[in-house]
file protein32.cif (mmCIF, C-alpha atoms)
data_my_file
loop_
_atom_site.label_atom_id
_atom_site.label_comp_id
_atom_site.auth_asym_id
_atom_site.auth_seq_id
_atom_site.Cartn_x
_atom_site.Cartn_y
_atom_site.Cartn_z
CA GLU A 1 83.35 190.91 215.63
CA ALA A 2 79.66 191.53 215.03
CA GLY A 3 78.52 191.63 211.43
CA VAL A 4 76.03 193.94 209.78
CA THR A 5 72.71 193.79 211.57
CA GLN A 6 69.30 194.72 210.24
CA SER A 7 65.92 195.14 211.85
CA PRO A 8 63.25 194.09 211.68
CA THR A 9 63.67 190.68 210.06
CA HIS A 10 60.19 190.80 208.59
CA LEU A 11 57.85 193.70 208.05
CA ILE A 12 54.29 193.56 206.80
CA LYS A 13 52.58 196.74 205.66
CA THR A 14 49.60 197.70 203.58
CA ARG A 15 49.61 199.78 200.45
CA GLY A 16 50.04 203.49 201.11
CA GLN A 17 51.73 203.05 204.47
CA GLN A 18 55.31 203.94 205.33
CA ALA A 19 58.06 201.47 206.20
CA THR A 20 61.25 202.12 208.15
CA LEU A 21 64.13 199.68 207.95
CA ARG A 22 67.25 199.91 210.09
CA CYS A 23 70.85 198.87 209.64
CA SER A 24 73.91 198.84 211.88
CA PRO A 25 77.24 198.52 210.07
CA ILE A 26 80.29 196.63 211.17
CA SER A 27 82.24 198.59 213.76
CA GLY A 28 84.70 200.89 212.01
CA HIS A 29 82.82 200.94 208.72
CA THR A 30 81.65 204.36 207.61
CA SER A 31 79.86 203.47 204.37
CA VAL A 32 76.40 201.95 204.28
CA TYR A 33 74.63 200.72 201.16
CA TRP A 34 71.04 199.67 200.59
CA TYR A 35 69.95 197.18 197.94
CA GLN A 36 66.58 195.87 196.92
CA GLN A 37 66.20 192.24 195.91
CA ALA A 38 62.80 191.82 194.35
CA LEU A 39 61.64 188.58 192.79
CA GLY A 40 62.75 188.38 189.19
CA LEU A 41 64.67 191.67 189.31
CA GLY A 42 67.86 190.62 191.00
CA LEU A 43 69.80 192.90 193.31
CA GLN A 44 69.42 196.59 192.60
CA PHE A 45 71.38 199.39 194.22
CA LEU A 46 69.23 201.83 196.15
CA LEU A 47 71.31 204.23 198.23
CA TRP A 48 74.84 204.80 199.47
CA TYR A 49 75.70 206.80 202.58
CA ASP A 50 79.11 207.72 203.83
CA GLU A 51 80.06 209.98 206.72
CA GLY A 52 76.44 210.97 207.14
CA GLU A 53 75.88 212.07 203.57
CA GLU A 54 74.08 210.51 200.63
CA ARG A 55 76.79 209.78 198.05
CA ASN A 56 74.87 208.03 195.33
CA ARG A 57 71.37 206.93 194.51
CA GLY A 58 70.03 204.21 192.27
CA ASN A 59 67.15 204.47 189.85
CA PHE A 60 64.36 204.57 192.43
CA PRO A 61 61.63 207.16 193.03
CA PRO A 62 62.01 209.84 195.74
CA ARG A 63 59.66 207.99 198.06
CA PHE A 64 62.68 205.81 198.82
CA SER A 65 64.85 207.84 201.16
CA GLY A 66 67.13 207.36 204.08
CA ARG A 67 69.72 208.79 206.35
CA GLN A 68 72.87 207.92 208.18
CA PHE A 69 73.34 208.77 211.82
CA PRO A 70 76.51 209.99 213.58
CA ASN A 71 77.20 206.43 214.76
CA TYR A 72 77.06 205.35 211.06
CA SER A 73 73.90 203.32 211.46
CA SER A 74 71.34 203.94 208.78
CA GLU A 75 67.64 204.02 208.18
CA LEU A 76 65.77 203.38 204.94
CA ASN A 77 62.31 204.88 204.61
CA VAL A 78 59.83 203.89 201.99
CA ASN A 79 56.77 206.13 201.74
CA ALA A 80 53.44 205.48 200.03
CA LEU A 81 54.14 201.77 199.79
CA GLU A 82 53.18 199.97 196.61
CA LEU A 83 52.71 196.26 196.08
CA GLU A 84 55.87 196.07 193.97
CA ASP A 85 57.94 197.32 196.90
CA SER A 86 57.66 193.84 198.37
CA ALA A 87 61.22 192.57 198.43
CA LEU A 88 64.21 191.64 200.52
CA TYR A 89 66.10 194.80 201.46
CA LEU A 90 69.77 194.23 202.06
CA CYS A 91 72.10 196.56 203.84
CA ALA A 92 75.87 196.40 203.40
CA SER A 93 78.78 198.24 204.92
CA SER A 94 82.35 198.80 203.89
CA LEU A 95 85.47 200.16 205.51
CA ARG A 96 85.42 203.41 203.55
CA SER A 97 83.78 204.85 200.51
CA ALA A 98 86.77 204.74 198.20
CA PRO A 99 88.48 203.10 196.47
CA ALA A 100 85.79 201.00 194.90
CA TYR A 101 87.55 197.74 195.54
CA ASN A 102 86.55 197.57 199.17
CA GLU A 103 84.33 194.59 199.57
CA GLN A 104 80.92 195.18 201.01
CA PHE A 105 79.71 193.06 203.89
CA PHE A 106 76.03 192.30 203.87
CA GLY A 107 73.44 191.91 206.58
CA PRO A 108 70.72 189.24 206.64
CA GLY A 109 68.12 191.55 205.16
CA THR A 110 64.63 192.75 205.98
CA ARG A 111 61.79 191.03 204.16
CA LEU A 112 59.16 193.67 203.40
CA THR A 113 55.73 192.47 202.35
CA VAL A 114 53.17 194.98 201.11
CA LEU A 115 49.58 193.78 201.11
CA ALA B 1 76.62 202.14 181.63
CA GLN B 2 77.97 198.97 183.09
CA LYS B 3 76.23 195.61 182.94
CA VAL B 4 76.74 192.11 184.30
CA THR B 5 75.18 189.09 182.66
CA GLN B 6 74.83 185.68 184.24
CA ALA B 7 73.17 183.68 181.51
CA GLN B 8 72.65 180.56 183.63
CA THR B 9 69.53 181.01 185.72
CA GLU B 10 69.73 177.64 187.43
CA ILE B 11 72.19 174.76 187.42
CA SER B 12 71.60 171.34 188.95
CA VAL B 13 74.46 168.95 189.59
CA VAL B 14 75.09 165.85 191.62
CA GLU B 15 77.55 165.97 194.46
CA LYS B 16 81.23 165.67 193.45
CA GLU B 17 80.60 167.04 189.98
CA ASP B 18 82.55 170.09 188.86
CA VAL B 19 80.47 173.10 187.89
CA THR B 20 81.29 176.43 186.23
CA LEU B 21 79.21 179.56 186.70
CA ASP B 22 79.53 182.08 183.90
CA CYS B 23 79.78 185.85 184.24
CA VAL B 24 80.13 188.34 181.41
CA TYR B 25 80.50 192.05 182.10
CA GLU B 26 80.32 195.24 180.09
CA THR B 27 82.06 198.50 180.86
CA ARG B 28 83.96 201.17 178.98
CA ASP B 29 86.15 201.94 181.98
CA THR B 30 89.66 200.57 182.04
CA THR B 31 89.75 200.37 185.83
CA TYR B 32 87.09 198.25 187.45
CA TYR B 33 86.59 195.55 190.04
CA LEU B 34 84.82 192.24 189.80
CA PHE B 35 83.29 190.31 192.66
CA TRP B 36 81.57 187.04 193.38
CA TYR B 37 79.10 186.69 196.23
CA LYS B 38 77.25 183.65 197.53
CA GLN B 39 73.70 183.91 198.88
CA PRO B 40 72.68 180.79 200.84
CA PRO B 41 69.03 180.19 201.71
CA SER B 42 69.45 182.34 204.83
CA GLY B 43 69.62 185.38 202.52
CA GLU B 44 72.87 186.99 203.66
CA LEU B 45 75.36 187.61 200.86
CA VAL B 46 78.81 186.23 201.54
CA PHE B 47 81.83 187.77 199.83
CA LEU B 48 83.93 185.23 197.92
CA ILE B 49 86.46 187.10 195.82
CA ARG B 50 87.47 190.44 194.38
CA ARG B 51 89.57 190.95 191.25
CA ASN B 52 90.74 194.24 189.74
CA SER B 53 90.95 194.86 186.01
CA PHE B 54 94.75 194.91 186.00
CA ASP B 55 95.16 191.50 187.54
CA GLU B 56 94.29 188.71 185.14
CA GLN B 57 95.85 185.96 187.20
CA ASN B 58 93.51 183.12 187.91
CA GLU B 59 92.91 182.34 191.54
CA ILE B 60 92.29 179.13 193.41
CA SER B 61 90.95 178.87 196.93
CA GLY B 62 90.34 175.31 198.00
CA ARG B 63 87.61 173.88 195.78
CA TYR B 64 86.90 177.31 194.27
CA SER B 65 88.69 178.81 191.30
CA TRP B 66 88.14 181.88 189.19
CA ASN B 67 89.08 182.53 185.57
CA PHE B 68 89.31 186.20 184.57
CA GLN B 69 89.69 186.91 180.85
CA LYS B 70 89.61 190.54 179.73
CA SER B 71 89.64 189.51 176.07
CA THR B 72 86.19 187.98 176.47
CA SER B 73 85.04 190.21 179.37
CA SER B 74 84.39 187.15 181.46
CA PHE B 75 84.96 186.25 185.09
CA ASN B 76 83.90 182.65 185.50
CA PHE B 77 83.70 180.71 188.74
CA THR B 78 84.36 176.98 189.03
CA ILE B 79 83.53 174.75 191.97
CA THR B 80 85.43 171.48 191.94
CA ALA B 81 83.90 168.40 193.53
CA SER B 82 80.70 170.21 194.47
CA GLN B 83 79.03 169.57 197.82
CA VAL B 84 75.46 169.95 199.01
CA VAL B 85 76.54 172.95 201.11
CA ASP B 86 77.45 174.74 197.88
CA SER B 87 73.75 175.03 197.05
CA ALA B 88 73.04 178.74 196.91
CA VAL B 89 72.52 181.65 194.56
CA TYR B 90 75.78 183.03 193.25
CA PHE B 91 76.10 186.62 192.13
CA CYS B 92 78.74 188.22 189.99
CA ALA B 93 79.15 191.98 190.45
CA LEU B 94 81.08 194.91 189.02
CA SER B 95 82.15 198.23 190.47
CA LEU B 96 83.95 201.09 188.78
CA SER B 97 86.84 203.11 190.08
CA GLY B 98 85.56 206.10 192.06
CA TYR B 99 82.15 204.58 192.63
CA SER B 100 81.55 202.07 195.36
CA THR B 101 78.18 200.83 194.22
CA LEU B 102 77.97 197.31 192.92
CA THR B 103 76.19 196.32 189.74
CA PHE B 104 75.00 192.76 190.14
CA GLY B 105 74.10 190.10 187.65
CA LYS B 106 70.74 188.36 188.08
CA GLY B 107 72.42 185.46 189.85
CA THR B 108 72.75 181.74 189.19
CA MET B 109 70.98 179.30 191.46
CA LEU B 110 73.13 176.23 192.04
CA LEU B 111 71.44 173.10 193.32
CA VAL B 112 73.74 170.29 194.42
CA SER B 113 71.96 167.05 195.18
CA PRO B 114 73.45 164.15 197.13
#

call {"tool": "encode", "arguments": {"input": "protein32.cif", "output": "structure tokens"}}
result
Amino acid sequence: EAGVTQSPTHLIKTRGQQATLRCSPISGHTSVYWYQQALGLGLQFLLWYDEGEERNRGNFPPRFSGRQFPNYSSELNVNALELEDSALYLCASSLRSAPAYNEQFFGPGTRLTVL
Amino acid sequence: AQKVTQAQTEISVVEKEDVTLDCVYETRDTTYYLFWYKQPPSGELVFLIRRNSFDEQNEISGRYSWNFQKSTSSFNFTITASQVVDSAVYFCALSLSGYSTLTFGKGTMLLVSP
């Protein structure tokens, strides 16, 4: 069974540009989560989508947005990139949104570098 | 708000040594779930274990064992007879009933040298 996949592996942008990151969940999983892993800040929750809707959002500005498609894949968009957006962005999927004990399975991440 | 603290930033051991990674959590909820994940150099987080707040039994899986103590709000992870392949960053995480988002600790980098 294929795991969570993310593309691209690496992404280099300049300040002010927009970045689009993509994620395909494990087959049968309806929930997709996005996390940011920035140096020194650990893993921080960004967004949670389930059944095409945004269910929860972490403490990030509105220029971080995303969506989930009918096939449950997801896209994370970061507008007006800033240098501090440089990080590893991890996507995870789980079997269903509740209960909270469902383990999340993570993809390999997209390394975003903002110059 | 919930919080997870992993006070050990980095631990270095020699192969075959036992090592314990500490995790302390904070929450006012009575129902919650605790997790450990491993992040090898490749970057992908690997799920290791889940424990719910009503199950304080310790668990052993091969060389791995976990000690959950509600009295001290701790969920520690022990690797027995460590191996070089255990070198990774280990994250402890917490989720609350009704919310599927994980709150992670800052992680502990484990370096096992031959």

call {"tool": "resolve_selection", "arguments": {"input": "protein32.cif", "expression": "the PyMOL selection byres ((chain B) within 12 of (chain A))", "output": "PDB file with C-alpha atoms, keeping the file's coordinate frame"}}
result
ATOM      1  CA  LYS B   3      76.230 195.610 182.940  1.00  0.00           C
ATOM      2  CA  VAL B   4      76.740 192.110 184.300  1.00  0.00           C
ATOM      3  CA  THR B   5      75.180 189.090 182.660  1.00  0.00           C
ATOM      4  CA  GLN B   6      74.830 185.680 184.240  1.00  0.00           C
ATOM      5  CA  THR B   9      69.530 181.010 185.720  1.00  0.00           C
ATOM      6  CA  THR B  31      89.750 200.370 185.830  1.00  0.00           C
ATOM      7  CA  TYR B  32      87.090 198.250 187.450  1.00  0.00           C
ATOM      8  CA  TYR B  33      86.590 195.550 190.040  1.00  0.00           C
ATOM      9  CA  LEU B  34      84.820 192.240 189.800  1.00  0.00           C
ATOM     10  CA  PHE B  35      83.290 190.310 192.660  1.00  0.00           C
ATOM     11  CA  TRP B  36      81.570 187.040 193.380  1.00  0.00           C
ATOM     12  CA  TYR B  37      79.100 186.690 196.230  1.00  0.00           C
ATOM     13  CA  LYS B  38      77.250 183.650 197.530  1.00  0.00           C
ATOM     14  CA  GLN B  39      73.700 183.910 198.880  1.00  0.00           C
ATOM     15  CA  PRO B  40      72.680 180.790 200.840  1.00  0.00           C
ATOM     16  CA  PRO B  41      69.030 180.190 201.710  1.00  0.00           C
ATOM     17  CA  SER B  42      69.450 182.340 204.830  1.00  0.00           C
ATOM     18  CA  GLY B  43      69.620 185.380 202.520  1.00  0.00           C
ATOM     19  CA  GLU B  44      72.870 186.990 203.660  1.00  0.00           C
ATOM     20  CA  LEU B  45      75.360 187.610 200.860  1.00  0.00           C
ATOM     21  CA  VAL B  46      78.810 186.230 201.540  1.00  0.00           C
ATOM     22  CA  PHE B  47      81.830 187.770 199.830  1.00  0.00           C
ATOM     23  CA  LEU B  48      83.930 185.230 197.920  1.00  0.00           C
ATOM     24  CA  ILE B  49      86.460 187.100 195.820  1.00  0.00           C
ATOM     25  CA  ARG B  50      87.470 190.440 194.380  1.00  0.00           C
ATOM     26  CA  ARG B  51      89.570 190.950 191.250  1.00  0.00           C
ATOM     27  CA  ASN B  52      90.740 194.240 189.740  1.00  0.00           C
ATOM     28  CA  SER B  53      90.950 194.860 186.010  1.00  0.00           C
ATOM     29  CA  VAL B  89      72.520 181.650 194.560  1.00  0.00           C
ATOM     30  CA  TYR B  90      75.780 183.030 193.250  1.00  0.00           C
ATOM     31  CA  PHE B  91      76.100 186.620 192.130  1.00  0.00           C
ATOM     32  CA  CYS B  92      78.740 188.220 189.990  1.00  0.00           C
ATOM     33  CA  ALA B  93      79.150 191.980 190.450  1.00  0.00           C
ATOM     34  CA  LEU B  94      81.080 194.910 189.020  1.00  0.00           C
ATOM     35  CA  SER B  95      82.150 198.230 190.470  1.00  0.00           C
ATOM     36  CA  LEU B  96      83.950 201.090 188.780  1.00  0.00           C
ATOM     37  CA  SER B  97      86.840 203.110 190.080  1.00  0.00           C
ATOM     38  CA  GLY B  98      85.560 206.100 192.060  1.00  0.00           C
ATOM     39  CA  TYR B  99      82.150 204.580 192.630  1.00  0.00           C
ATOM     40  CA  SER B 100      81.550 202.070 195.360  1.00  0.00           C
ATOM     41  CA  THR B 101      78.180 200.830 194.220  1.00  0.00           C
ATOM     42  CA  LEU B 102      77.970 197.310 192.920  1.00  0.00           C
ATOM     43  CA  THR B 103      76.190 196.320 189.740  1.00  0.00           C
ATOM     44  CA  PHE B 104      75.000 192.760 190.140  1.00  0.00           C
ATOM     45  CA  GLY B 105      74.100 190.100 187.650  1.00  0.00           C
ATOM     46  CA  LYS B 106      70.740 188.360 188.080  1.00  0.00           C
ATOM     47  CA  GLY B 107      72.420 185.460 189.850  1.00  0.00           C
ATOM     48  CA  THR B 108      72.750 181.740 189.190  1.00  0.00           C
ATOM     49  CA  MET B 109      70.980 179.300 191.460  1.00  0.00           C
TER      50      MET B 109
END

call {"tool": "residues_around", "arguments": {"input": "protein32.cif", "residues": "Val24 in chain B", "least_positions_apart": "2", "cutoff": "8 Å", "atoms": "only C-alpha atoms", "output": "count of residues only"}}
result
10

call {"tool": "residues_around", "arguments": {"input": "protein32.cif", "residues": "Val112 in chain B", "least_positions_apart": "5", "cutoff": "9 Å", "atoms": "all atoms listed in the file", "output": "ChimeraX atom specification"}}
result
/B:11-17,82-88

call {"tool": "residues_near_point", "arguments": {"input": "protein32.cif", "point": "(94.3, 189.4, 183.0)", "cutoff": "6 Å", "atoms": "all atoms listed in the file", "output": "list in words"}}
result
Asp55, Glu56, Gln57, Gln69 and Lys70 of chain B

call {"tool": "atom_distance", "arguments": {"input": "protein32.cif", "atom1": "CA of Val114 in chain A", "atom2": "CA of His10 in chain A"}}
result
11.1 Å

call {"tool": "resolve_selection", "arguments": {"input": "protein32.cif", "expression": "the PyMOL selection byres ((chain A and resi 61-76) around 10)", "output": "ChimeraX atom specification"}}
result
/A:4-7,18-34,46-54,57-60,77-81,85,89,91,93

call {"tool": "residues_near_point", "arguments": {"input": "protein32.cif", "point": "(85.1, 179.2, 186.6)", "cutoff": "10 Å", "atoms": "all atoms listed in the file", "output": "PyMOL selection string"}}
result
chain B and resi 18-23+58-60+64-68+74-80

call {"tool": "atom_distance", "arguments": {"input": "protein32.cif", "atom1": "CA of Lys13 in chain A", "atom2": "CA of Leu112 in chain A"}}
result
7.6 Å

call {"tool": "atom_distance", "arguments": {"input": "protein32.cif", "atom1": "CA of Gly16 in chain A", "atom2": "CA of Leu83 in chain A"}}
result
9.2 Å

call {"tool": "decode", "arguments": {"input": "protein32.cif", "residues": "range 66-108 of chain A", "atoms": "C-alpha atoms", "output": "mmCIF file, in the first residue's frame"}}
result
data_model
loop_
_atom_site.group_PDB
_atom_site.id
_atom_site.type_symbol
_atom_site.label_atom_id
_atom_site.label_comp_id
_atom_site.auth_asym_id
_atom_site.auth_seq_id
_atom_site.Cartn_x
_atom_site.Cartn_y
_atom_site.Cartn_z
ATOM 1 C CA GLY A 66 -5.158 25.262 1.441
ATOM 2 C CA ARG A 67 -7.854 23.017 0.172
ATOM 3 C CA GLN A 68 -8.814 19.412 -0.112
ATOM 4 C CA PHE A 69 -10.025 17.938 -3.372
ATOM 5 C CA PRO A 70 -12.799 15.358 -3.916
ATOM 6 C CA ASN A 71 -10.162 12.609 -4.141
ATOM 7 C CA TYR A 72 -8.925 13.736 -0.672
ATOM 8 C CA SER A 73 -5.601 15.016 -1.936
ATOM 9 C CA SER A 74 -4.666 18.406 -0.610
ATOM 10 C CA GLU A 75 -2.814 21.532 -1.526
ATOM 11 C CA LEU A 76 -1.110 24.022 0.784
ATOM 12 C CA ASN A 77 -0.621 27.540 -0.519
ATOM 13 C CA VAL A 78 1.661 30.065 1.050
ATOM 14 C CA ASN A 79 1.296 33.601 -0.291
ATOM 15 C CA ALA A 80 3.659 36.563 0.065
ATOM 16 C CA LEU A 81 6.503 34.323 1.157
ATOM 17 C CA GLU A 82 8.747 35.519 3.955
ATOM 18 C CA LEU A 83 12.208 34.302 4.856
ATOM 19 C CA GLU A 84 10.902 32.674 8.034
ATOM 20 C CA ASP A 85 8.591 30.462 5.981
ATOM 21 C CA SER A 86 11.634 28.370 5.108
ATOM 22 C CA ALA A 87 10.913 24.997 6.660
ATOM 23 C CA LEU A 88 10.063 21.372 6.085
ATOM 24 C CA TYR A 89 6.320 21.063 5.453
ATOM 25 C CA LEU A 90 4.918 17.718 6.440
ATOM 26 C CA CYS A 91 1.618 16.309 5.362
ATOM 27 C CA ALA A 92 -0.124 13.523 7.256
ATOM 28 C CA SER A 93 -3.285 11.544 6.722
ATOM 29 C CA SER A 94 -5.510 9.499 8.956
ATOM 30 C CA LEU A 95 -8.366 7.092 8.492
ATOM 31 C CA ARG A 96 -11.010 9.516 9.718
ATOM 32 C CA SER A 97 -11.221 12.749 11.596
ATOM 33 C CA ALA A 98 -12.483 11.369 14.878
ATOM 34 C CA PRO A 99 -11.833 9.986 17.374
ATOM 35 C CA ALA A 100 -8.563 11.693 18.093
ATOM 36 C CA TYR A 101 -6.697 8.491 18.728
ATOM 37 C CA ASN A 102 -6.280 7.658 15.076
ATOM 38 C CA GLU A 103 -2.617 7.747 14.327
ATOM 39 C CA GLN A 104 -1.485 10.052 11.592
ATOM 40 C CA PHE A 105 0.762 8.751 8.859
ATOM 41 C CA PHE A 106 3.281 11.219 7.556
ATOM 42 C CA GLY A 107 4.755 11.885 4.159
ATOM 43 C CA PRO A 108 8.425 12.650 3.473
#
